[in-house]
>>> print(open('data-v3.txt').read())   # compact mmCIF, C-alpha atoms
# COMPACT_ATOMS: atom_id res chain seq x y z
CA MET Y 1461 117.81 125.05 115.48
CA ALA Y 1462 119.86 126.55 112.77
CA ASN Y 1463 121.23 123.38 111.31
CA THR Y 1464 117.98 121.67 110.46
CA PHE Y 1465 115.54 122.16 107.66
CA HIS Y 1466 112.06 121.08 106.80
CA LEU Y 1467 111.65 117.94 104.74
CA GLN Y 1468 108.57 116.60 103.04
CA ILE Y 1469 108.55 113.23 101.39
CA VAL Y 1470 105.52 112.81 99.21
CA THR Y 1471 104.80 109.71 97.14
CA VAL Y 1472 101.80 108.77 95.04
CA ASP Y 1473 100.55 106.82 98.05
CA GLY Y 1474 100.55 109.92 100.21
CA LEU Y 1475 102.84 111.67 102.64
CA ALA Y 1476 105.67 109.39 103.73
CA TYR Y 1477 107.40 111.82 106.06
CA GLU Y 1478 107.21 115.40 107.18
CA GLY Y 1479 109.41 117.11 109.72
CA ASN Y 1480 112.73 118.73 110.45
CA VAL Y 1481 115.92 116.91 109.59
CA GLN Y 1482 119.65 117.63 109.61
CA ARG Y 1483 120.66 115.91 106.43
CA VAL Y 1484 119.24 114.00 103.48
CA THR Y 1485 121.40 111.76 101.35
CA ILE Y 1486 120.02 110.33 98.14
CA ARG Y 1487 121.24 108.91 94.91
CA SER Y 1488 120.42 111.23 92.04
CA VAL Y 1489 120.74 110.40 88.35
CA HIS Y 1490 124.31 111.67 88.56
CA GLY Y 1491 125.40 110.01 91.79
CA ASP Y 1492 125.03 110.37 95.52
CA LEU Y 1493 124.35 113.77 96.97
CA ALA Y 1494 123.61 115.14 100.39
CA ILE Y 1495 121.45 118.10 101.25
CA LEU Y 1496 122.19 120.11 104.37
CA ALA Y 1497 120.38 123.08 105.80
CA ARG Y 1498 120.67 126.32 103.80
CA HIS Y 1499 121.52 124.48 100.64
CA ILE Y 1500 121.25 126.61 97.54
CA ASN Y 1501 117.89 126.39 95.78
CA TYR Y 1502 118.28 123.19 93.97
CA CYS Y 1503 116.42 120.69 91.87
CA THR Y 1504 117.40 117.31 90.50
CA ALA Y 1505 115.99 114.01 89.29
CA VAL Y 1506 116.34 111.07 91.64
CA GLY Y 1507 117.87 107.76 90.57
CA MET Y 1508 117.66 104.42 92.32
CA GLY Y 1509 119.41 103.79 95.59
CA THR Y 1510 119.50 103.88 99.33
CA ALA Y 1511 118.48 107.16 100.89
CA ARG Y 1512 119.57 108.22 104.34
CA VAL Y 1513 117.86 110.81 106.46
CA LEU Y 1514 119.60 112.23 109.53
CA MET Y 1515 116.84 113.26 111.89
CA GLU Y 1516 116.76 116.28 114.13
CA ASP Y 1517 117.72 114.19 117.16
CA GLY Y 1518 120.73 112.66 115.41
CA THR Y 1519 119.26 109.26 114.59
CA GLU Y 1520 119.57 108.05 111.05
CA ARG Y 1521 116.89 106.31 109.06
CA THR Y 1522 117.47 104.61 105.76
CA ALA Y 1523 115.06 103.87 102.98
CA ALA Y 1524 114.87 102.47 99.49
CA CYS Y 1525 114.28 105.44 97.23
CA ILE Y 1526 113.49 104.96 93.57
CA GLY Y 1527 112.90 107.58 90.91
CA GLY Y 1528 111.24 110.93 91.15
CA MET Y 1529 112.75 114.27 92.01
CA LEU Y 1530 114.13 116.37 94.80
CA SER Y 1531 113.80 120.08 95.21
CA MET Y 1532 115.24 122.43 97.79
CA MET Y 1533 113.63 125.84 97.86
CA ALA Y 1534 114.32 128.43 100.53
CA ASN Y 1535 115.30 125.80 103.10
CA GLU Y 1536 112.23 123.72 102.25
CA CYS Y 1537 113.12 120.31 100.92
CA ARG Y 1538 110.63 118.31 98.94
CA LEU Y 1539 111.39 114.79 97.91
CA LEU Y 1540 108.97 113.22 95.45
CA PRO Y 1541 110.10 109.67 94.87
CA THR Y 1542 108.22 107.18 92.72
CA THR Y 1543 108.57 104.70 95.56
CA TRP Y 1544 109.86 105.23 99.05
CA GLU Y 1545 110.13 102.49 101.64
CA TRP Y 1546 111.69 102.95 105.06
CA SER Y 1547 114.17 100.14 105.57
CA GLU Y 1548 112.21 98.76 108.51
CA ASP Y 1549 109.14 98.47 106.28
CA ILE Y 1550 110.90 96.59 103.53
CA ASP Y 1551 109.75 93.04 103.12
CA VAL Y 1552 113.13 91.43 102.52
CA GLU Y 1553 111.66 88.02 101.81
CA ARG Y 1554 109.42 89.47 99.14
CA ALA Y 1555 112.32 91.36 97.61
CA GLN Y 1556 114.44 88.19 97.63
CA ALA Y 1557 111.62 86.27 96.00
CA ALA Y 1558 111.21 89.00 93.39
CA LYS Y 1559 114.94 88.94 92.74
CA ALA Y 1560 115.00 85.17 92.33
CA ARG Y 1561 111.96 85.26 90.06
CA ALA Y 1562 113.36 88.00 87.88
CA GLU Y 1563 116.74 86.30 87.67
CA ALA Y 1564 115.15 83.00 86.69
CA LEU Y 1565 113.08 84.71 84.00
CA LEU Y 1566 116.09 86.51 82.58
CA GLN Y 1567 118.19 83.37 82.63
CA GLN Y 1568 115.54 81.39 80.87
CA GLY Y 1569 115.41 83.97 78.08
CA GLY Y 1570 112.87 84.15 75.28
CA LEU Y 1571 111.13 87.20 76.73
CA SER Y 1572 109.70 89.91 74.57
CA GLU Y 1573 111.54 93.23 74.64
CA GLU Y 1574 108.82 94.80 76.74
CA ARG Y 1575 108.81 91.97 79.27
CA ARG Y 1576 112.58 91.88 79.45
CA ILE Y 1577 112.83 95.57 80.35
CA LEU Y 1578 110.06 95.15 82.89
CA THR Y 1579 111.81 92.18 84.46
CA GLU Y 1580 115.16 93.93 84.55
CA ALA Y 1581 113.58 96.91 86.23
CA ARG Y 1582 112.01 94.56 88.75
CA LEU Y 1583 115.38 92.97 89.44
CA SER Y 1584 117.13 96.28 90.02
CA ARG Y 1585 114.34 97.46 92.30
CA ALA Y 1586 114.58 94.26 94.29
CA LEU Y 1587 118.35 94.75 94.59
CA VAL Y 1588 117.89 98.31 95.86
CA ARG Y 1589 115.38 97.09 98.42
CA ILE Y 1590 117.62 94.29 99.66
CA GLY Y 1591 120.58 96.68 99.85
CA SER Y 1592 118.59 99.27 101.76
CA ALA Y 1593 117.13 96.82 104.22
CA LYS Y 1594 120.42 95.45 105.47
CA LYS Y 1595 121.85 98.75 106.60
CA MET F 759 46.26 73.32 87.28
CA ALA F 760 46.55 75.74 90.15
CA ALA F 761 48.96 73.43 91.94
CA ALA F 762 51.30 73.31 88.94
CA ASN F 763 51.15 77.07 88.64
CA MET F 764 51.96 77.43 92.34
CA LYS F 765 54.99 75.23 91.97
CA ALA F 766 56.30 77.32 89.06
CA VAL F 767 55.86 80.53 91.02
CA LYS F 768 57.61 79.03 94.01
CA LEU F 769 60.57 78.01 91.86
CA ARG F 770 60.71 81.47 90.36
CA ILE F 771 60.75 83.06 93.81
CA LYS F 772 63.56 80.76 94.80
CA SER F 773 65.66 81.67 91.78
CA VAL F 774 65.08 85.40 92.24
CA GLN F 775 66.10 84.98 95.86
CA ASN F 776 69.32 83.31 94.81
CA THR F 777 70.08 86.10 92.36
CA MET F 778 69.35 88.65 95.04
CA GLN F 779 71.80 86.98 97.35
CA ILE F 780 74.51 87.32 94.73
CA THR F 781 73.75 90.93 93.88
CA LYS F 782 73.60 91.79 97.57
CA ALA F 783 76.97 90.17 98.17
CA MET F 784 78.49 91.99 95.19
CA GLN F 785 77.11 95.26 96.45
CA LEU F 786 78.69 94.75 99.86
CA VAL F 787 82.03 93.68 98.41
CA ALA F 788 82.09 96.70 96.08
CA ALA F 789 81.18 99.03 98.94
CA SER F 790 83.97 97.81 101.18
CA LYS F 791 86.54 97.84 98.38
CA LEU F 792 85.37 101.26 97.34
CA ARG F 793 86.37 102.84 100.62
CA ARG F 794 89.95 101.68 100.20
CA ALA F 795 90.06 102.64 96.52
CA LYS F 796 88.79 106.11 97.31
CA ASP F 797 91.45 106.70 99.94
CA LYS F 798 94.09 105.50 97.53
CA ALA F 799 92.83 107.81 94.80
CA MET F 800 92.81 110.78 97.15
CA SER F 801 96.25 110.19 98.67
CA SER F 802 98.10 110.71 95.40
CA LYS F 803 96.73 114.22 94.83
CA PRO F 804 99.44 116.18 96.75
CA TYR F 805 102.16 114.36 94.85
CA LEU F 806 100.74 115.50 91.53
CA ARG F 807 100.23 119.03 92.73
CA ILE F 808 103.82 119.50 93.91
CA MET F 809 105.18 117.76 90.84
CA LYS F 810 103.20 119.99 88.54
CA ARG F 811 104.24 123.10 90.41
CA THR F 812 107.91 122.21 90.06
CA LEU F 813 107.60 121.47 86.36
CA THR F 814 105.75 124.72 85.83
CA LYS F 815 108.50 126.55 87.65
CA ILE F 816 111.21 125.04 85.51
CA ALA F 817 109.30 125.75 82.33
CA ASN F 818 108.64 129.34 83.26
CA GLU F 819 111.98 130.32 84.69
CA ASN F 820 114.37 129.13 82.06
CA THR F 821 114.08 131.58 79.24
CA ASP F 822 116.01 129.49 76.77
CA PHE F 823 114.05 126.48 77.80
CA GLN F 824 113.22 123.87 75.26
CA SER F 825 111.92 120.39 75.79
CA PRO F 826 110.66 117.97 73.16
CA PHE F 827 107.75 117.27 75.51
CA THR F 828 106.34 120.76 75.30
CA VAL F 829 106.31 121.17 71.53
CA PRO F 830 103.58 119.45 69.55
CA GLY F 831 104.81 116.36 67.73
CA ALA F 832 104.96 116.34 63.96
CA SER F 833 102.98 113.14 63.55
CA GLU F 834 99.25 113.27 62.93
CA ARG F 835 98.77 109.97 64.68
CA ARG F 836 97.32 110.05 68.16
CA LEU F 837 97.66 107.65 71.03
CA PHE F 838 94.76 107.11 73.39
CA ILE F 839 95.24 105.49 76.74
CA VAL F 840 91.90 104.03 77.73
CA ILE F 841 91.37 102.90 81.28
CA GLY F 842 88.41 100.54 81.47
CA GLY F 843 87.20 97.93 83.91
CA ASP F 844 88.11 94.29 84.37
CA ARG F 845 84.62 92.95 84.78
CA GLY F 846 81.10 93.73 83.73
CA LEU F 847 78.11 94.01 86.06
CA ALA F 848 78.96 97.60 86.83
CA GLY F 849 75.99 99.30 85.25
CA GLY F 850 76.94 101.58 82.40
CA TYR F 851 80.54 101.98 83.53
CA ASN F 852 82.26 100.38 80.55
CA ALA F 853 79.58 101.25 77.98
CA ASN F 854 79.64 104.94 78.91
CA LEU F 855 83.39 105.05 78.73
CA PHE F 856 83.54 103.42 75.29
CA LYS F 857 80.81 105.65 73.95
CA PHE F 858 82.84 108.61 75.15
CA VAL F 859 86.05 107.23 73.64
CA GLU F 860 84.31 106.74 70.28
CA LYS F 861 83.49 110.40 70.24
CA GLU F 862 87.05 111.35 71.18
CA ILE F 863 88.76 109.25 68.54
CA GLU F 864 86.42 110.21 65.74
CA GLY F 865 88.23 111.63 62.74
CA HIS F 866 91.71 110.86 64.06
CA ASP F 867 94.34 108.46 62.97
CA TYR F 868 94.93 106.62 66.19
CA ASP F 869 96.30 103.77 68.27
CA VAL F 870 95.07 102.76 71.67
CA LEU F 871 96.73 101.54 74.81
CA PRO F 872 93.90 99.76 76.60
CA ILE F 873 94.15 99.13 80.32
CA GLY F 874 91.63 96.75 81.85
CA LYS F 875 90.21 93.53 80.45
CA LYS F 876 87.05 95.07 79.07
CA ALA F 877 88.96 97.80 77.29
CA VAL F 878 91.37 95.28 75.73
CA GLU F 879 88.46 93.13 74.52
CA TYR F 880 86.59 96.11 73.14
CA PHE F 881 89.45 97.42 71.04
CA ARG F 882 90.43 93.96 69.85
CA ARG F 883 86.91 93.48 68.58
CA LYS F 884 87.08 96.88 66.95
CA LYS F 885 90.37 95.85 65.33
CA ALA F 886 91.92 99.12 66.39
CA GLY F 887 95.67 99.57 66.39
CA ILE F 888 96.82 98.44 69.82
CA PHE F 889 99.99 99.92 71.27
CA THR F 890 100.38 97.17 73.82
CA ASP F 891 97.88 94.93 75.59
CA LEU F 892 100.15 93.90 78.41
CA TYR F 893 98.12 95.71 81.00
CA ALA F 894 94.95 93.69 80.81
CA GLU F 895 94.10 93.83 84.48
CA VAL F 896 93.51 97.31 85.75
CA ALA F 897 93.26 96.23 89.38
CA LYS F 898 96.76 94.78 89.26
CA VAL F 899 98.58 97.68 87.63
CA SER F 900 101.21 98.82 90.10
CA ILE F 901 103.07 102.11 90.28
CA SER F 902 106.13 100.54 88.70
CA GLU F 903 104.04 99.37 85.75
CA CYS F 904 102.59 102.85 85.40
CA PHE F 905 106.13 104.09 85.29
CA ARG F 906 106.95 101.59 82.58
CA ILE F 907 103.89 102.60 80.55
CA ALA F 908 104.76 106.27 80.90
CA LYS F 909 108.32 105.60 79.80
CA THR F 910 107.35 103.63 76.68
CA VAL F 911 104.74 106.22 75.78
CA CYS F 912 107.29 109.02 76.18
CA ASP F 913 109.79 107.12 74.07
CA ALA F 914 107.23 106.59 71.34
CA TYR F 915 106.39 110.26 71.49
CA LEU F 916 110.04 111.27 71.21
CA GLU F 917 110.51 108.93 68.28
CA GLY F 918 107.74 110.83 66.56
CA ARG F 919 105.35 107.91 66.31
CA TYR F 920 102.62 110.01 67.88
CA GLY F 921 101.95 113.71 67.77
CA HIS F 922 99.49 113.69 70.60
CA VAL F 923 98.85 111.47 73.60
CA SER F 924 95.70 111.63 75.65
CA MET F 925 93.99 109.51 78.20
CA CYS F 926 90.36 108.53 78.73
CA TYR F 927 89.25 107.43 82.15
CA THR F 928 86.23 107.66 84.39
CA ASN F 929 86.28 110.47 86.87
CA PHE F 930 84.90 109.87 90.32
CA VAL F 931 82.56 112.77 90.94
CA SER F 932 80.63 111.28 93.82
CA MET F 933 79.32 107.95 95.04
CA MET F 934 76.38 108.32 92.67
CA SER F 935 78.00 109.91 89.67
CA GLN F 936 81.01 108.85 87.60
CA VAL F 937 81.74 110.69 84.40
CA PRO F 938 84.07 109.64 81.56
CA LYS F 939 86.77 112.20 81.01
CA ALA F 940 89.65 112.80 78.63
CA SER F 941 92.83 114.60 79.46
CA ALA F 942 95.73 115.42 77.19
CA LEU F 943 99.07 114.09 78.39
CA LEU F 944 101.51 115.08 75.66
CA PRO F 945 102.55 117.60 74.52
CA LEU F 946 102.65 119.33 77.87
CA SER F 947 101.11 122.65 77.02
CA ASP F 948 99.69 123.83 80.30
CA PHE F 949 103.01 124.68 81.90
CA GLU F 950 103.18 128.14 80.46
CA ASN F 951 100.91 129.84 82.94
CA PRO F 952 102.27 130.21 86.45
CA GLU F 953 98.99 129.71 88.27
CA TYR F 954 100.46 127.19 90.65
CA ASP F 955 103.07 129.56 91.86
CA ASP F 956 102.41 130.08 95.54
CA THR F 957 105.94 129.49 96.81
CA PRO F 958 108.16 132.46 97.64
CA ASP F 959 109.54 134.06 94.55
CA VAL F 960 113.06 132.80 93.96
CA LYS F 961 113.25 133.52 90.29
CA ASN F 962 116.28 132.30 88.37
CA MET F 963 118.05 131.33 91.55
CA ILE F 964 117.57 127.62 91.34
CA LEU F 965 120.40 125.32 90.53
CA TYR F 966 119.28 122.49 88.31
CA GLU F 967 121.50 119.51 88.10
CA PRO F 968 122.49 118.31 85.52
CA SER F 969 120.47 121.07 83.82
CA GLY F 970 116.97 122.45 83.81
CA GLU F 971 116.12 120.68 80.61
CA GLU F 972 117.54 117.37 81.66
CA VAL F 973 115.77 117.47 84.99
CA PHE F 974 112.57 118.41 83.22
CA ASN F 975 112.90 115.62 80.69
CA ASP F 976 113.71 113.12 83.42
CA ILE F 977 110.78 114.17 85.51
CA VAL F 978 108.15 114.25 82.75
CA PRO F 979 107.82 110.45 82.58
CA GLU F 980 107.55 110.37 86.38
CA TYR F 981 104.89 112.99 86.25
CA LEU F 982 102.95 111.10 83.59
CA ALA F 983 103.32 107.90 85.59
CA GLY F 984 101.87 109.76 88.55
CA ILE F 985 98.94 111.01 86.50
CA LEU F 986 98.38 107.55 85.09
CA TYR F 987 98.51 105.92 88.50
CA THR F 988 96.08 108.44 89.96
CA SER F 989 93.72 108.07 87.01
CA ILE F 990 93.81 104.31 87.32
CA ASN F 991 92.99 104.56 91.00
CA VAL F 992 90.20 107.00 90.29
CA SER F 993 88.85 104.72 87.56
CA VAL F 994 88.94 101.71 89.86
CA ALA F 995 87.04 103.69 92.48
CA SER F 996 84.53 104.73 89.82
CA GLU F 997 84.09 101.15 88.69
CA LEU F 998 83.42 100.00 92.22
CA ALA F 999 81.00 102.85 92.83
CA ALA F 1000 79.20 102.06 89.57
CA ARG F 1001 79.03 98.40 90.51
CA ARG F 1002 77.75 99.20 93.96
CA THR F 1003 74.98 101.40 92.53
CA ALA F 1004 74.08 98.85 89.86
CA MET F 1005 73.98 96.02 92.36
CA GLU F 1006 71.95 98.05 94.79
CA ALA F 1007 69.38 98.67 92.05
CA ALA F 1008 69.43 94.98 91.14
CA THR F 1009 68.87 93.99 94.76
CA ASP F 1010 65.99 96.42 95.06
CA ASN F 1011 64.47 95.09 91.86
CA ALA F 1012 64.82 91.53 93.07
CA SER F 1013 63.07 92.23 96.36
CA GLU F 1014 60.29 94.00 94.51
CA MET F 1015 59.92 91.01 92.24
CA ILE F 1016 59.83 88.65 95.18
CA GLU F 1017 57.12 90.74 96.77
CA LYS F 1018 54.98 90.63 93.63
CA LEU F 1019 55.56 86.93 93.14
CA SER F 1020 54.68 86.10 96.74
CA LEU F 1021 51.48 88.06 96.39
CA TYR F 1022 50.68 86.11 93.26
CA TYR F 1023 51.63 82.87 94.97
CA ASN F 1024 49.38 83.57 97.95
CA ARG F 1025 46.49 84.43 95.66
CA ALA F 1026 46.98 81.21 93.74
CA ARG F 1027 47.12 79.25 97.00
CA GLN F 1028 43.95 80.94 98.25
CA ALA F 1029 42.21 80.23 94.96
CA SER F 1030 43.10 76.56 95.11
CA ILE F 1031 41.86 76.28 98.71
CA THR F 1032 38.59 78.00 97.79
CA GLN F 1033 38.20 75.67 94.87
CA GLU F 1034 38.78 72.62 97.06
CA ILE F 1035 36.20 73.81 99.59
CA THR F 1036 33.70 74.42 96.82
CA GLU F 1037 34.31 70.93 95.48
CA ILE F 1038 33.89 69.34 98.91
CA VAL F 1039 30.71 71.29 99.63
CA ALA F 1040 29.33 70.44 96.22
CA GLY F 1041 30.19 66.78 96.82
CA ALA F 1042 28.50 66.76 100.26
CA GLU F 1043 25.36 68.37 98.89
CA GLY F 1044 25.23 65.92 96.02
CA SER F 1045 25.17 62.82 98.26
>>> encode(input="data-v3.txt", output="structure tokens")
Amino acid sequence: MANTFHLQIVTVDGLAYEGNVQRVTIRSVHGDLAILARHINYCTAVGMGTARVLMEDGTERTAACIGGMLSMMANECRLLPTTWEWSEDIDVERAQAAKARAEALLQQGGLSEERRILTEARLSRALVRIGSAKK
Amino acid sequence: MAAANMKAVKLRIKSVQNTMQITKAMQLVAASKLRRAKDKAMSSKPYLRIMKRTLTKIANENTDFQSPFTVPGASERRLFIVIGGDRGLAGGYNANLFKFVEKEIEGHDYDVLPIGKKAVEYFRRKKAGIFTDLYAEVAKVSISECFRIAKTVCDAYLEGRYGHVSMCYTNFVSMMSQVPKASALLPLSDFENPEYDDTPDVKNMILYEPSGEEVFNDIVPEYLAGILYTSINVSVASELAARRTAMEAATDNASEMIEKLSLYYNRARQASITQEITEIVAGAEGS
């Protein structure tokens, strides 16, 4: 199989995926990018967004991918996200609840700087999760 | 007199038994939680290894490489991140850690970022400069909060508020032994030696986007968050192991005490029976 490459997705909670894939699409800090087999040796920081992985057999899986980095070395791709959740594993209700909670908190105001940033980050993570789950 | 004594001993046995029940329950709870905590602590190791390898690679391959994270800060002030426990009753877990921290901070101008209820209380009592005490419950600190901590710490470092950031936590050596440990977080000085380099040599052929430095600087907080998260997990596992050991000792002590007290109780009972018999016999002979 010439058009596949080896992908490892490692998070702090362990190995999320390992195997051969045709394509990985993620959102980096500078926008969406896709990695195909025989990509040049490459390294970038990962932003927040929906990631799509095209498997060897042509099926596509999506996931919520937040933070971390991606490296492609000699046809070996390593994705080290801060959090990685396959879309089928995403608890949409929980994400919705988190979104509502964060929105309410922000609306209400009066948060300390620290809390406000934390809440905003929570909101954007919840939005990424909800967006990734629907697809 | 003997009867009153017997009653007191019986009450004492009862209370020791109650205590033993509690310590036994705590031991079992800690043991079952420990298994999960240990798995969690172990599963984040590969992440750190790969992350570190990549950072080392970037640092070593770019000749004109310069990152504010690798040069020592100008400030003399140090920041200590101290990961303690939430609750007591874990043997010397918290005490050992704080003793160790005292030694570490000696002679430095410092602030602390305590994580865990006991750590927050300790440094409040000490009236030490506290960076933030938002993270009072170590068991509830999530990866996203670690990320947040790492980011604020990095920002403070870049602003020049601190010249050195290190972390004190309790390393999980084995089920029986947990040792307090300090590790330096910033500046990142250990990226100069390519000891982690076991990937095929592709020197200077890596495209970094947007640029090596930017990738590096973006990844450093992630890396620190990873270290922090792992250390917190390791500390939680250590706390549970310490609690399990302490509670096991307490349970053993309690059963020993019960044994001694029952022996004493039986002796007292025997003595009172003997005395009664003697009294009856003496009474019968007298009539």
>>> residues_around(input="data-v3.txt", residues="segment 1511-1519 of chain Y", least_positions_apart="3", cutoff="7 Å", atoms="all atoms listed in the file", output="NGL selection string")
:Y and (1464 or 1480-1487 or 1522-1525)
>>> closest_residue(input="data-v3.txt", among="F:Leu986, F:Leu943, F:Met809, F:Val829", to="Ser900 of chain F", atoms="all atoms listed in the file")
F:Leu986
>>> closest_residue(input="data-v3.txt", among="F:Asn929, F:Thr890, F:Asn854, F:Ser833", to="Ala999 of chain F", atoms="only C-alpha atoms")
F:Asn929
>>> interface_residues(input="data-v3.txt", of="chain F", to="chain Y", cutoff="6 Å", atoms="all atoms listed in the file", output="list in words")
Ser801, Ser802, Tyr805, Ile964, Leu965, Tyr966, Glu967 and Val973 of chain F
>>> residues_around(input="data-v3.txt", residues="segment 830-832 of chain F", least_positions_apart="6", cutoff="12 Å", atoms="only C-alpha atoms", output="PyMOL selection string")
chain F and resi 912+914-923+942-947
>>> write_last_selection(input="data-v3.txt", atoms="C-alpha atoms", output="PDB file, keeping the file's coordinate frame")
ATOM      1  CA  CYS F 912     107.290 109.020  76.180  1.00  0.00           C
ATOM      2  CA  ALA F 914     107.230 106.590  71.340  1.00  0.00           C
ATOM      3  CA  TYR F 915     106.390 110.260  71.490  1.00  0.00           C
ATOM      4  CA  LEU F 916     110.040 111.270  71.210  1.00  0.00           C
ATOM      5  CA  GLU F 917     110.510 108.930  68.280  1.00  0.00           C
ATOM      6  CA  GLY F 918     107.740 110.830  66.560  1.00  0.00           C
ATOM      7  CA  ARG F 919     105.350 107.910  66.310  1.00  0.00           C
ATOM      8  CA  TYR F 920     102.620 110.010  67.880  1.00  0.00           C
ATOM      9  CA  GLY F 921     101.950 113.710  67.770  1.00  0.00           C
ATOM     10  CA  HIS F 922      99.490 113.690  70.600  1.00  0.00           C
ATOM     11  CA  VAL F 923      98.850 111.470  73.600  1.00  0.00           C
ATOM     12  CA  ALA F 942      95.730 115.420  77.190  1.00  0.00           C
ATOM     13  CA  LEU F 943      99.070 114.090  78.390  1.00  0.00           C
ATOM     14  CA  LEU F 944     101.510 115.080  75.660  1.00  0.00           C
ATOM     15  CA  PRO F 945     102.550 117.600  74.520  1.00  0.00           C
ATOM     16  CA  LEU F 946     102.650 119.330  77.870  1.00  0.00           C
ATOM     17  CA  SER F 947     101.110 122.650  77.020  1.00  0.00           C
TER      18      SER F 947
END
>>> atom_distance(input="data-v3.txt", atom1="atom CA of Leu786 of chain F", atom2="atom CA of Glu997 of chain F")
14.0 Å
>>> residues_around(input="data-v3.txt", residues="segment 866-881 of chain F", least_positions_apart="2", cutoff="10 Å", atoms="only C-alpha atoms", output="ChimeraX atom specification")
/F:833-846,852-853,855-856,862-864,883-899,907,911,920,922-927,990,994
>>> axis_aligned_box(input="data-v3.txt", around="segment 1481-1496 of chain Y", padding_each_side="4 Å", output="AutoDock Vina command-line options")
--center_x 120.7 --center_y 114.5 --center_z 99.0 --size_x 17.5 --size_y 19.2 --size_z 29.3
>>> residues_around(input="data-v3.txt", residues="Leu792 of chain F", least_positions_apart="5", cutoff="10 Å", atoms="all atoms listed in the file", output="PyMOL selection string")
chain F and resi 786-787+797-798+933+994-1002
>>> atom_distance(input="data-v3.txt", atom1="atom CA of Arg1521 of chain Y", atom2="atom CA of Gln1556 of chain Y")
21.6 Å
>>> decode(input="data-v3.txt", residues="segment 1575-1589 of chain Y", atoms="N, CA and C atoms", output="short mmCIF file (atom, residue, chain, number, x, y, z; two decimals), in the first residue's frame")
data_model
loop_
_atom_site.label_atom_id
_atom_site.label_comp_id
_atom_site.auth_asym_id
_atom_site.auth_seq_id
_atom_site.Cartn_x
_atom_site.Cartn_y
_atom_site.Cartn_z
N ARG Y 1575 -10.59 33.31 36.11
CA ARG Y 1575 -11.80 32.52 35.92
C ARG Y 1575 -12.41 32.76 34.55
N ARG Y 1576 -12.33 34.02 34.11
CA ARG Y 1576 -12.95 34.35 32.83
C ARG Y 1576 -12.25 33.61 31.70
N ILE Y 1577 -10.91 33.60 31.74
CA ILE Y 1577 -10.16 32.92 30.69
C ILE Y 1577 -10.47 31.43 30.71
N LEU Y 1578 -10.53 30.88 31.93
CA LEU Y 1578 -10.83 29.47 32.10
C LEU Y 1578 -12.20 29.13 31.52
N THR Y 1579 -13.17 30.00 31.81
CA THR Y 1579 -14.53 29.77 31.34
C THR Y 1579 -14.61 29.90 29.83
N GLU Y 1580 -13.91 30.89 29.29
CA GLU Y 1580 -13.92 31.05 27.84
C GLU Y 1580 -13.30 29.84 27.15
N ALA Y 1581 -12.22 29.35 27.73
CA ALA Y 1581 -11.58 28.17 27.16
C ALA Y 1581 -12.54 26.98 27.20
N ARG Y 1582 -13.27 26.88 28.31
CA ARG Y 1582 -14.24 25.80 28.44
C ARG Y 1582 -15.30 25.90 27.36
N LEU Y 1583 -15.76 27.13 27.13
CA LEU Y 1583 -16.80 27.35 26.13
C LEU Y 1583 -16.30 26.94 24.75
N SER Y 1584 -15.08 27.37 24.41
CA SER Y 1584 -14.61 27.05 23.06
C SER Y 1584 -14.37 25.56 22.91
N ARG Y 1585 -13.94 24.91 23.99
CA ARG Y 1585 -13.77 23.45 23.90
C ARG Y 1585 -15.11 22.76 23.69
N ALA Y 1586 -16.11 23.25 24.43
CA ALA Y 1586 -17.44 22.66 24.30
C ALA Y 1586 -17.95 22.82 22.87
N LEU Y 1587 -17.68 24.00 22.28
CA LEU Y 1587 -18.13 24.26 20.91
C LEU Y 1587 -17.44 23.32 19.92
N VAL Y 1588 -16.14 23.12 20.12
CA VAL Y 1588 -15.42 22.18 19.24
C VAL Y 1588 -16.01 20.78 19.35
N ARG Y 1589 -16.30 20.38 20.57
CA ARG Y 1589 -16.86 19.04 20.78
C ARG Y 1589 -18.20 18.90 20.09
#
